[in-house]
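The block underneath contains the structure these notes are about, expressed in structure tokens.
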2 protein chains.
Amino acid sequence: MSFGLDNLPYGVFSVDGGNPRIGVRLEDQVLDLAPLLHDDVFLEPTLNPFMARGRAVWRATRARVQDLLADDRCAEHLIPLDRVRLHLPIDVADYVDFYASLEHASNLGRMFRPDEEPLKPNWRHLPVGYHGRAGTVVVSGTQVRRPCGQRPSFGPSLKLDIEAEVGYVVGTGGTGSFEEHVFGVVLVNDWSARDIQAWEYVPLGPFLGKSFATSISAWVTPLDALDHARVPGRAQDPEPLDYLRRKAEWGLDLRLHVSLNGETLSNPNYRDMYWTPDQMLAHITVNGAPLRTGDLYASGTVSGVDDPGSLIELTWNGAQPLKSGQSFLEDGDTVTITATTPSGLSLGEVTGRILPATLR
Amino acid sequence: MSFGLDNLPYGVFSVDGGNPRIGVRLEDQVLDLAPLLHDDVFLEPTLNPFMARGRAVWRATRARVQDLLADDRCAEHLIPLDRVRLHLPIDVADYVDFYASLEHASNLGRMFRPDEEPLKPNWRHLPVGYHGRAGTVVVSGTQVRRPCGQRPSFGPSLKLDIEAEVGYVVGTGGTGSFEEHVFGVVLVNDWSARDIQAWEYVPLGPFLGKSFATSISAWVTPLDALDHARVPGRAQDPEPLDYLRRKAEWGLDLRLHVSLNGETLSNPNYRDMYWTPDQMLAHITVNGAPLRTGDLYASGTVSGVDDPGSLIELTWNGAQPLKSGQSFLEDGDTVTITATTPSGLSLGEVTGRILPATLR
């Protein structure tokens with residue numbers, strides 16, 4: 001795990017029940033930005049006002065912090081990580097979830113619609129996505145209560161699952177290019193109740209099977225920190241329409257590590273995704289819908305051929321349980337997702353523990 | 001049209017480019033609440049902080065305003081409607097759209113999936129819904145630009161449509177009963193690009209075909225003002241599960257009037273809806289997802305047997321054009337939706353005019 005000078009993700013922290021404010025992570029410490037930089041924007045309880053200032057400010061701030069840290073002029077503003085509480089770093093405006101892994105979409109198609117072609121005819125022509133519930137995005141570490149719902153009989157979900165994803169945080173609004181708008185990257189666990197989802201999702205898509213909780217990492221890694229991990233996106237056939245054509249390399253060589261109660265479940269690499277995040281952003285806005293500061297969009301489950309990012313794929317909907325004997329999440333389970341680039345740079349982890357259902 | 005003492009909807013207005021603030025509509029005037037009630041919450045640019053105070057405050061405020069108006073003690077704070085500009089009255093948190101008309105869901109099923117049963121197996125068991133884009137909810141009067149997208153060839157939508165709906169504004173967060181949480185009612189036009197929607201919507205639901213704009217009325221009618229229009233919900237078969245069982249009458253006898261360029265298109269009555277708004281709220285929260293102040297959920301298209309609330313139904317997807325010869329919206333068209341209860345109480349209108357597409 002490396003959170004060195006080349007990384008410096010942003011987060012929101014508090015100490016001893018004080019007001020949440022903005023910091024940058026350096027290894028196992030948090031750099032308190034407001035007193036260091038003499039700017040009240042870092043006293044805000046979310047990154048939104050800082051993000052709204054735009055890319056030039058993001059870059060200048062990052063360069064300044066790197067300089068100050070390199071010159072060792074920050075000691076009095078560094079706080080040990082184990083002394084702080086971390087908060088949801090952004091005020092989420094709209095949350096969109098995509099479905100950008102060819103392997104994941106094909107696997108779920110096979111399971112949800114066994115009598116049809118696994119991919120719908122549109123899948124290779126556009127990044128399929130939908131809006132999720134912004135109000136239930138929570139920060140890593142938040143415990144997640146098992147949802148109840150129609151499965152179709154009513155009760156606690158019996159197929160509670162994870163989706164290991166990479167999310168993009170929009171810094172500035174409007175409609176424009178990826179580099180201009182995207183502030184940084186988070187890890188996402190899009191918790192999913194597969195039994196509720198399977199019953200409800202036709203014809204308008206997932207709703208309660210997803211809306212109970214979506215966890216994101218407490219740390220938002222600036223896009224610039226990931227420059228070294230950029231790779232060409234996966235080849236696409238057919239060639240996408242003009243508005244979806246890639247103008248730069250926005251694939252990321254980012255190895256995810258998904259674990260359940262400390263045991264490795266899977267290690268998918270984000271570079272295998274079919275649709276890249278620049279294409280997703282172009283798609284969201286092509287109908288004229290403007291972005292807003294705080295919009296969050298996620299990749300959909302990151303699954304490779306041998307490394308699925310969800311339990312429903314790993315256990316083939318329960319037909320091939322894990323070694324532990326379980327196929328979906330049990331109460332008390334803890335799921336943790338981390339990610340690392342080839343240079344060893346880490347994204348902040350996203351973790352969560354399952355609480356038993358409360359019957360209503 | 002009646003906006004008398006029994007109505008008194010809330011809105012956000014400004015005069016001569018001043019700061020937006022909160023008012024109540026009385027016939028063709030706006031009552032400026034902040035100076036009348038000496039409360040700065042009415043100087044806020046959205047209803048959210050006032051709504052967050054909860055039902056007891058909503059009721060007391062309404063009673064006080066009715067008293068003051070009845071006693072003729074408001075003259076100096078009444079401003080002619082034609083002198084004010086109206087703004088989006090709420091800061092929309094999450095936006096959910098349902099699909100609660102049996103006739104609408106059946107009609108669309110027949111058109112989108114001609115080889116299948118029109119209703120999916122889940123439809124009579126739960127109010128089917130999905131999350132829309134909160135960031136593109138706009139106030140009545142905002143012009144709506146024709147969206148571009150994959151239809152599946154790329155270009156301006158050729159099937160731009162309306163959906164006449166009734167929307168519910170959530171005043172206080174948490175999970176609880178309908179009466180406790182819902183502040184009031186708006187009219188909604190959920191603009192829909194049918195060609196974009198038909199191509200994109202499998203398997204995760206509508207996305208860009210809806211996310212370009214959703215218009216709501218500038219006036220939010222308090223739930224209490226609609227007491228006299230409450231009727232039993234439509235009979236349901238099968239009996240819904242416990243959590244969806246109706247505990248009070250929340251059907252509304254509300255006649256919608258949908259017009260295109262001044263000509264009547266349809267007059268559906270909201271009382272014919274299959275799922276009632278209390279059931280929708282129970283459904284949204286049954287998985288534990290809390291509500292937030294500013295959440296908006298809409299009924300889905302209000303269609304009766306002979307009174308569909310969308311052009312795709314009125315023209316059977318273009319097979320039976322209107323008398324004017326058109327089947328979907330043309331550039332320059334204006335659509336206006338109004339609604340009236342049997343006593344003559346009106347909801348604020350929602351209107352919008354179509355601008356030509358901008359090719360990107």
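Ordering of the structure tokens sets the chain letters (A, B, ...), residue numbers begin anew at 1 in every chain, and ligands are numbered from 1 in the order given.
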Check your understanding: Can you list, as a PyMOL selection string, every residue of stretch 113-236 of chain B that DSSP puts in strand (DSSP E)?
Key -> chain B and resi 129-132+137-139+144-145+148-150+154-156+160-161+164-170+182-189+192-193+214-216+221-222+230-231
Practice item. Might you pull out every residue within 9 Å of stretch 165-181 of chain B, with only C-alpha atoms counted and same-chain residues fewer than 5 positions away left off, and present them as a ChimeraX atom specification? Key: /B:47-55,90,92,97,186-190,216,220,223,256,270,277-279,281-282,285-286,288-302,309,337
Since we have the selection now, will you write its residues out, keeping C-alpha atoms, as a PDB file, in the first residue's frame?
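After the write, result-v1.pdb holds the following:
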ATOM      1  CA  LEU B  47     -38.391  25.284   0.188  1.00  0.00           C
ATOM      2  CA  ASN B  48     -36.034  22.685   1.647  1.00  0.00           C
ATOM      3  CA  PRO B  49     -35.145  24.364   4.966  1.00  0.00           C
ATOM      4  CA  PHE B  50     -38.800  25.164   5.634  1.00  0.00           C
ATOM      5  CA  MET B  51     -39.895  21.674   4.652  1.00  0.00           C
ATOM      6  CA  ALA B  52     -37.282  20.125   6.943  1.00  0.00           C
ATOM      7  CA  ARG B  53     -39.070  21.636   9.950  1.00  0.00           C
ATOM      8  CA  GLY B  54     -41.783  19.011   9.666  1.00  0.00           C
ATOM      9  CA  ARG B  55     -45.499  18.590   9.512  1.00  0.00           C
ATOM     10  CA  ILE B  90     -37.068  22.650  -4.283  1.00  0.00           C
ATOM     11  CA  VAL B  92     -34.195  17.970  -5.573  1.00  0.00           C
ATOM     12  CA  ASP B  97     -40.287   7.887 -11.243  1.00  0.00           C
ATOM     13  CA  VAL B 186     -46.571  19.098  -8.004  1.00  0.00           C
ATOM     14  CA  LEU B 187     -47.495  18.458 -11.610  1.00  0.00           C
ATOM     15  CA  VAL B 188     -44.743  16.799 -13.605  1.00  0.00           C
ATOM     16  CA  ASN B 189     -43.952  16.496 -17.282  1.00  0.00           C
ATOM     17  CA  ASP B 190     -41.426  13.711 -17.641  1.00  0.00           C
ATOM     18  CA  ILE B 216     -42.309  20.391 -12.467  1.00  0.00           C
ATOM     19  CA  VAL B 220     -46.165  22.941  -4.516  1.00  0.00           C
ATOM     20  CA  LEU B 223     -51.044  17.819   1.060  1.00  0.00           C
ATOM     21  CA  LEU B 256     -55.533  16.468 -15.485  1.00  0.00           C
ATOM     22  CA  TYR B 270     -55.470  10.579 -11.363  1.00  0.00           C
ATOM     23  CA  PRO B 277     -48.590   7.472  -3.448  1.00  0.00           C
ATOM     24  CA  ASP B 278     -48.572   6.054   0.096  1.00  0.00           C
ATOM     25  CA  GLN B 279     -47.765   2.665  -1.407  1.00  0.00           C
ATOM     26  CA  LEU B 281     -43.389   5.755  -0.417  1.00  0.00           C
ATOM     27  CA  ALA B 282     -43.657   2.507   1.529  1.00  0.00           C
ATOM     28  CA  THR B 285     -38.143   2.816   1.930  1.00  0.00           C
ATOM     29  CA  VAL B 286     -38.897  -0.873   2.589  1.00  0.00           C
ATOM     30  CA  GLY B 288     -34.110   0.592   4.591  1.00  0.00           C
ATOM     31  CA  ALA B 289     -33.255   3.457   2.221  1.00  0.00           C
ATOM     32  CA  PRO B 290     -34.017   6.662   4.127  1.00  0.00           C
ATOM     33  CA  LEU B 291     -35.829   9.600   2.568  1.00  0.00           C
ATOM     34  CA  ARG B 292     -34.225  13.049   2.459  1.00  0.00           C
ATOM     35  CA  THR B 293     -35.745  16.502   2.426  1.00  0.00           C
ATOM     36  CA  GLY B 294     -36.214  17.366  -1.250  1.00  0.00           C
ATOM     37  CA  ASP B 295     -36.756  13.855  -2.534  1.00  0.00           C
ATOM     38  CA  LEU B 296     -39.249  13.889  -5.377  1.00  0.00           C
ATOM     39  CA  TYR B 297     -41.181  10.913  -6.606  1.00  0.00           C
ATOM     40  CA  ALA B 298     -43.629  10.917  -9.468  1.00  0.00           C
ATOM     41  CA  SER B 299     -46.518   8.661 -10.320  1.00  0.00           C
ATOM     42  CA  GLY B 300     -45.579   7.761 -13.860  1.00  0.00           C
ATOM     43  CA  THR B 301     -47.833   8.717 -16.734  1.00  0.00           C
ATOM     44  CA  VAL B 302     -51.424   9.230 -15.682  1.00  0.00           C
ATOM     45  CA  GLY B 309     -51.174  10.931 -20.698  1.00  0.00           C
ATOM     46  CA  ILE B 337     -50.528  20.319 -18.028  1.00  0.00           C
TER      47      ILE B 337
END
All alpha helix (DSSP H) residues (DSSP, backbone) inside stretch 97-276 of chain B, as an mmCIF file with all heavy atoms, in the first residue's frame:
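Listing of result.cif after writing:
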data_model
loop_
_atom_site.group_PDB
_atom_site.id
_atom_site.type_symbol
_atom_site.label_atom_id
_atom_site.label_comp_id
_atom_site.auth_asym_id
_atom_site.auth_seq_id
_atom_site.Cartn_x
_atom_site.Cartn_y
_atom_site.Cartn_z
ATOM 1 N N LEU B 102 -52.103 1.283 -14.681
ATOM 2 C CA LEU B 102 -52.279 -0.020 -15.342
ATOM 3 C C LEU B 102 -52.400 0.161 -16.848
ATOM 4 O O LEU B 102 -51.818 -0.597 -17.638
ATOM 5 C CB LEU B 102 -53.548 -0.682 -14.786
ATOM 6 C CG LEU B 102 -53.932 -2.056 -15.328
ATOM 7 C CD1 LEU B 102 -52.902 -3.093 -14.950
ATOM 8 C CD2 LEU B 102 -55.305 -2.487 -14.791
ATOM 9 N N GLU B 103 -53.143 1.191 -17.263
ATOM 10 C CA GLU B 103 -53.361 1.406 -18.693
ATOM 11 C C GLU B 103 -52.059 1.820 -19.380
ATOM 12 O O GLU B 103 -51.723 1.327 -20.453
ATOM 13 C CB GLU B 103 -54.441 2.472 -18.916
ATOM 14 C CG GLU B 103 -55.862 1.978 -18.660
ATOM 15 C CD GLU B 103 -56.170 1.735 -17.180
ATOM 16 O OE1 GLU B 103 -55.517 2.362 -16.317
ATOM 17 O OE2 GLU B 103 -57.056 0.912 -16.889
ATOM 18 N N HIS B 104 -51.311 2.733 -18.756
ATOM 19 C CA HIS B 104 -50.061 3.185 -19.366
ATOM 20 C C HIS B 104 -49.059 2.034 -19.475
ATOM 21 O O HIS B 104 -48.445 1.828 -20.528
ATOM 22 C CB HIS B 104 -49.457 4.335 -18.552
ATOM 23 C CG HIS B 104 -48.108 4.764 -19.034
ATOM 24 N ND1 HIS B 104 -47.934 5.478 -20.200
ATOM 25 C CD2 HIS B 104 -46.857 4.561 -18.530
ATOM 26 C CE1 HIS B 104 -46.633 5.713 -20.380
ATOM 27 N NE2 HIS B 104 -45.961 5.170 -19.380
ATOM 28 N N ALA B 105 -48.892 1.288 -18.385
ATOM 29 C CA ALA B 105 -47.919 0.189 -18.402
ATOM 30 C C ALA B 105 -48.329 -0.868 -19.433
ATOM 31 O O ALA B 105 -47.485 -1.414 -20.152
ATOM 32 C CB ALA B 105 -47.792 -0.427 -17.011
ATOM 33 N N SER B 106 -49.631 -1.117 -19.528
ATOM 34 C CA SER B 106 -50.098 -2.112 -20.503
ATOM 35 C C SER B 106 -49.884 -1.611 -21.926
ATOM 36 O O SER B 106 -49.415 -2.347 -22.799
ATOM 37 C CB SER B 106 -51.594 -2.409 -20.295
ATOM 38 O OG SER B 106 -51.830 -2.852 -18.982
ATOM 39 N N ASN B 107 -50.208 -0.346 -22.156
ATOM 40 C CA ASN B 107 -50.033 0.210 -23.504
ATOM 41 C C ASN B 107 -48.562 0.174 -23.925
ATOM 42 O O ASN B 107 -48.237 -0.230 -25.051
ATOM 43 C CB ASN B 107 -50.538 1.660 -23.546
ATOM 44 C CG ASN B 107 -52.055 1.755 -23.516
ATOM 45 O OD1 ASN B 107 -52.761 0.816 -23.910
ATOM 46 N ND2 ASN B 107 -52.576 2.883 -23.046
ATOM 47 N N LEU B 108 -47.677 0.609 -23.037
ATOM 48 C CA LEU B 108 -46.266 0.627 -23.411
ATOM 49 C C LEU B 108 -45.707 -0.782 -23.585
ATOM 50 O O LEU B 108 -44.885 -1.017 -24.464
ATOM 51 C CB LEU B 108 -45.426 1.452 -22.431
ATOM 52 C CG LEU B 108 -45.213 2.866 -23.009
ATOM 53 C CD1 LEU B 108 -46.495 3.666 -23.025
ATOM 54 C CD2 LEU B 108 -44.100 3.591 -22.315
ATOM 55 N N GLY B 109 -46.171 -1.696 -22.757
ATOM 56 C CA GLY B 109 -45.765 -3.090 -22.934
ATOM 57 C C GLY B 109 -46.150 -3.594 -24.316
ATOM 58 O O GLY B 109 -45.344 -4.216 -25.013
ATOM 59 N N ARG B 110 -47.370 -3.304 -24.739
ATOM 60 C CA ARG B 110 -47.813 -3.757 -26.069
ATOM 61 C C ARG B 110 -46.937 -3.189 -27.175
ATOM 62 O O ARG B 110 -46.624 -3.852 -28.152
ATOM 63 C CB ARG B 110 -49.269 -3.342 -26.300
ATOM 64 C CG ARG B 110 -50.256 -4.231 -25.587
ATOM 65 C CD ARG B 110 -51.713 -3.939 -25.939
ATOM 66 N NE ARG B 110 -52.549 -4.539 -24.897
ATOM 67 C CZ ARG B 110 -53.146 -3.853 -23.918
ATOM 68 N NH1 ARG B 110 -53.074 -2.532 -23.877
ATOM 69 N NH2 ARG B 110 -53.844 -4.482 -23.007
ATOM 70 N N MET B 111 -46.554 -1.915 -27.014
ATOM 71 C CA MET B 111 -45.763 -1.274 -28.076
ATOM 72 C C MET B 111 -44.289 -1.671 -28.046
ATOM 73 O O MET B 111 -43.693 -1.912 -29.083
ATOM 74 C CB MET B 111 -45.908 0.246 -27.978
ATOM 75 C CG MET B 111 -47.272 0.705 -28.481
ATOM 76 S SD MET B 111 -47.421 2.503 -28.512
ATOM 77 C CE MET B 111 -48.017 2.808 -26.868
ATOM 78 N N PHE B 112 -43.691 -1.722 -26.834
ATOM 79 C CA PHE B 112 -42.251 -2.005 -26.737
ATOM 80 C C PHE B 112 -41.953 -3.512 -26.857
ATOM 81 O O PHE B 112 -40.878 -3.895 -27.271
ATOM 82 C CB PHE B 112 -41.671 -1.467 -25.423
ATOM 83 C CG PHE B 112 -41.313 0.000 -25.441
ATOM 84 C CD1 PHE B 112 -42.283 0.987 -25.462
ATOM 85 C CD2 PHE B 112 -39.981 0.398 -25.449
ATOM 86 C CE1 PHE B 112 -41.941 2.332 -25.476
ATOM 87 C CE2 PHE B 112 -39.626 1.745 -25.468
ATOM 88 C CZ PHE B 112 -40.608 2.714 -25.483
ATOM 89 N N PHE B 178 -46.510 8.130 5.046
ATOM 90 C CA PHE B 178 -46.746 9.082 3.970
ATOM 91 C C PHE B 178 -47.096 10.467 4.520
ATOM 92 O O PHE B 178 -46.489 11.470 4.148
ATOM 93 C CB PHE B 178 -47.879 8.523 3.107
ATOM 94 C CG PHE B 178 -48.282 9.404 1.963
ATOM 95 C CD1 PHE B 178 -47.475 9.533 0.849
ATOM 96 C CD2 PHE B 178 -49.493 10.096 1.996
ATOM 97 C CE1 PHE B 178 -47.847 10.335 -0.221
ATOM 98 C CE2 PHE B 178 -49.874 10.898 0.939
ATOM 99 C CZ PHE B 178 -49.054 11.017 -0.168
ATOM 100 N N GLU B 179 -48.072 10.543 5.410
ATOM 101 C CA GLU B 179 -48.552 11.825 5.923
ATOM 102 C C GLU B 179 -47.451 12.599 6.642
ATOM 103 O O GLU B 179 -47.437 13.827 6.643
ATOM 104 C CB GLU B 179 -49.715 11.638 6.924
ATOM 105 C CG GLU B 179 -50.929 10.932 6.371
ATOM 106 C CD GLU B 179 -50.828 9.418 6.470
ATOM 107 O OE1 GLU B 179 -49.749 8.866 6.137
ATOM 108 O OE2 GLU B 179 -51.820 8.796 6.862
ATOM 109 N N GLU B 180 -46.571 11.851 7.299
ATOM 110 C CA GLU B 180 -45.497 12.461 8.065
ATOM 111 C C GLU B 180 -44.467 13.102 7.142
ATOM 112 O O GLU B 180 -43.899 14.138 7.455
ATOM 113 C CB GLU B 180 -44.806 11.320 8.814
ATOM 114 C CG GLU B 180 -44.437 11.520 10.236
ATOM 115 C CD GLU B 180 -43.799 10.213 10.722
ATOM 116 O OE1 GLU B 180 -44.496 9.148 10.741
ATOM 117 O OE2 GLU B 180 -42.616 10.256 11.048
ATOM 118 N N HIS B 181 -44.200 12.462 6.029
ATOM 119 C CA HIS B 181 -43.046 12.840 5.215
ATOM 120 C C HIS B 181 -43.365 13.727 4.026
ATOM 121 O O HIS B 181 -42.516 14.498 3.598
ATOM 122 C CB HIS B 181 -42.338 11.588 4.701
ATOM 123 C CG HIS B 181 -41.595 10.870 5.768
ATOM 124 N ND1 HIS B 181 -40.457 11.375 6.329
ATOM 125 C CD2 HIS B 181 -41.847 9.694 6.403
ATOM 126 C CE1 HIS B 181 -40.018 10.549 7.255
ATOM 127 N NE2 HIS B 181 -40.858 9.531 7.337
ATOM 128 N N ARG B 194 -38.669 8.726 -27.062
ATOM 129 C CA ARG B 194 -39.065 7.314 -27.137
ATOM 130 C C ARG B 194 -38.106 6.473 -27.964
ATOM 131 O O ARG B 194 -37.930 5.284 -27.700
ATOM 132 C CB ARG B 194 -40.469 7.195 -27.735
ATOM 133 C CG ARG B 194 -41.549 7.895 -26.939
ATOM 134 C CD ARG B 194 -41.686 7.323 -25.560
ATOM 135 N NE ARG B 194 -42.772 7.979 -24.824
ATOM 136 C CZ ARG B 194 -42.992 7.788 -23.533
ATOM 137 N NH1 ARG B 194 -42.216 6.982 -22.823
ATOM 138 N NH2 ARG B 194 -43.969 8.412 -22.935
ATOM 139 N N ASP B 195 -37.510 7.088 -29.011
ATOM 140 C CA ASP B 195 -36.605 6.308 -29.862
ATOM 141 C C ASP B 195 -35.300 6.003 -29.121
ATOM 142 O O ASP B 195 -34.766 4.895 -29.202
ATOM 143 C CB ASP B 195 -36.349 7.005 -31.204
ATOM 144 C CG ASP B 195 -36.198 8.516 -31.102
ATOM 145 O OD1 ASP B 195 -36.204 9.073 -29.975
ATOM 146 O OD2 ASP B 195 -36.056 9.168 -32.157
ATOM 147 N N ILE B 196 -34.801 6.993 -28.364
ATOM 148 C CA ILE B 196 -33.596 6.758 -27.556
ATOM 149 C C ILE B 196 -33.893 5.717 -26.478
ATOM 150 O O ILE B 196 -33.148 4.762 -26.268
ATOM 151 C CB ILE B 196 -33.108 8.084 -26.932
ATOM 152 C CG1 ILE B 196 -32.678 9.063 -28.043
ATOM 153 C CG2 ILE B 196 -31.975 7.844 -25.943
ATOM 154 C CD1 ILE B 196 -32.357 10.473 -27.547
ATOM 155 N N GLN B 197 -35.040 5.896 -25.817
ATOM 156 C CA GLN B 197 -35.444 4.997 -24.735
ATOM 157 C C GLN B 197 -35.596 3.538 -25.207
ATOM 158 O O GLN B 197 -35.123 2.619 -24.533
ATOM 159 C CB GLN B 197 -36.774 5.497 -24.160
ATOM 160 C CG GLN B 197 -37.314 4.707 -22.985
ATOM 161 C CD GLN B 197 -38.737 5.142 -22.579
ATOM 162 O OE1 GLN B 197 -39.275 6.133 -23.086
ATOM 163 N NE2 GLN B 197 -39.337 4.399 -21.671
ATOM 164 N N ALA B 198 -36.220 3.355 -26.373
ATOM 165 C CA ALA B 198 -36.507 1.993 -26.845
ATOM 166 C C ALA B 198 -35.215 1.219 -27.106
ATOM 167 O O ALA B 198 -35.146 0.011 -26.889
ATOM 168 C CB ALA B 198 -37.353 2.046 -28.113
ATOM 169 N N TRP B 199 -34.173 1.914 -27.533
ATOM 170 C CA TRP B 199 -32.887 1.270 -27.847
ATOM 171 C C TRP B 199 -32.059 1.037 -26.586
ATOM 172 O O TRP B 199 -31.414 0.005 -26.434
ATOM 173 C CB TRP B 199 -32.149 2.161 -28.852
ATOM 174 C CG TRP B 199 -30.721 1.815 -29.182
ATOM 175 C CD1 TRP B 199 -29.640 2.624 -29.001
ATOM 176 C CD2 TRP B 199 -30.214 0.601 -29.777
ATOM 177 N NE1 TRP B 199 -28.498 1.994 -29.435
ATOM 178 C CE2 TRP B 199 -28.815 0.748 -29.913
ATOM 179 C CE3 TRP B 199 -30.798 -0.595 -30.196
ATOM 180 C CZ2 TRP B 199 -27.987 -0.232 -30.448
ATOM 181 C CZ3 TRP B 199 -29.975 -1.595 -30.730
ATOM 182 C CH2 TRP B 199 -28.599 -1.400 -30.854
ATOM 183 N N GLU B 200 -32.091 1.964 -25.661
ATOM 184 C CA GLU B 200 -31.160 1.904 -24.528
ATOM 185 C C GLU B 200 -31.666 1.135 -23.322
ATOM 186 O O GLU B 200 -30.885 0.756 -22.465
ATOM 187 C CB GLU B 200 -30.832 3.329 -24.054
ATOM 188 C CG GLU B 200 -31.971 3.939 -23.244
ATOM 189 C CD GLU B 200 -31.703 5.319 -22.680
ATOM 190 O OE1 GLU B 200 -30.584 5.827 -22.808
ATOM 191 O OE2 GLU B 200 -32.668 5.890 -22.139
#
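Atom CA of A:Glu163 is positioned 18.4 Å from atom CA of A:Gly135.
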Check your understanding: So which residues touch A:Lys323 within 12 Å, counting only C-alpha atoms, skipping near sequence neighbours fewer than 3 positions away, as a list in words?
Key -> Leu260, Glu263, Thr264, Leu265, Leu314, Thr315, Gln320, Gln326 and Ser327 of chain A
Practice item. Could you please tell me, as a list of chain:residue names, which residues of chain A have an atom within 6 Å of chain B when using only C-alpha atoms? Key: A:Tyr130, A:His131, A:Gly132, A:Pro147, A:Cys148, A:Gly149, A:Leu204, A:Gly205, A:Phe207, A:Phe212, A:Asn287, A:Gly288, A:Ala289
Would you put the residues from that selection into a file with C-alpha atoms, as a PDB file, in the first residue's frame?
ATOM      1  CA  TYR A 130     -28.786   3.852 -15.025  1.00  0.00           C
ATOM      2  CA  HIS A 131     -29.266   6.284 -12.185  1.00  0.00           C
ATOM      3  CA  GLY A 132     -28.825   5.007  -8.635  1.00  0.00           C
ATOM      4  CA  PRO A 147     -32.265  -5.193   3.088  1.00  0.00           C
ATOM      5  CA  CYS A 148     -35.742  -6.670   3.102  1.00  0.00           C
ATOM      6  CA  GLY A 149     -37.942  -6.798   0.063  1.00  0.00           C
ATOM      7  CA  LEU A 204     -37.336  -0.184 -15.711  1.00  0.00           C
ATOM      8  CA  GLY A 205     -34.091  -1.525 -14.252  1.00  0.00           C
ATOM      9  CA  PHE A 207     -34.204  -0.149  -7.935  1.00  0.00           C
ATOM     10  CA  PHE A 212     -30.179   0.455   0.175  1.00  0.00           C
ATOM     11  CA  ASN A 287     -28.423  14.319 -24.671  1.00  0.00           C
ATOM     12  CA  GLY A 288     -27.652  17.744 -23.244  1.00  0.00           C
ATOM     13  CA  ALA A 289     -27.843  16.771 -19.555  1.00  0.00           C
TER      14      ALA A 289
END
Exercise for review: Skip B:Leu254 itself and residues of its chain fewer than 4 positions away, then list as a VMD selection string all residues within 6 Å of it, counting only C-alpha atoms.
Suggested key: chain B and resid 269 to 270 340 to 341
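Atom CA of B:Gly233 to atom CA of B:Ser140 spans 28.2 Å [interatomic distance, one decimal].
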**Study point:** Nearby residues (only C-alpha atoms) at most 9 Å from A:Asp32, same-chain spacing under 4 positions excluded, as a count of residues only
**Key:** 12
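Distance annotation: of B:Gly11, B:Pro45, B:Trp191, B:Asp227, the residue with the minimal separation from B:Gln143 is B:Trp191; atom set is only C-alpha atoms.
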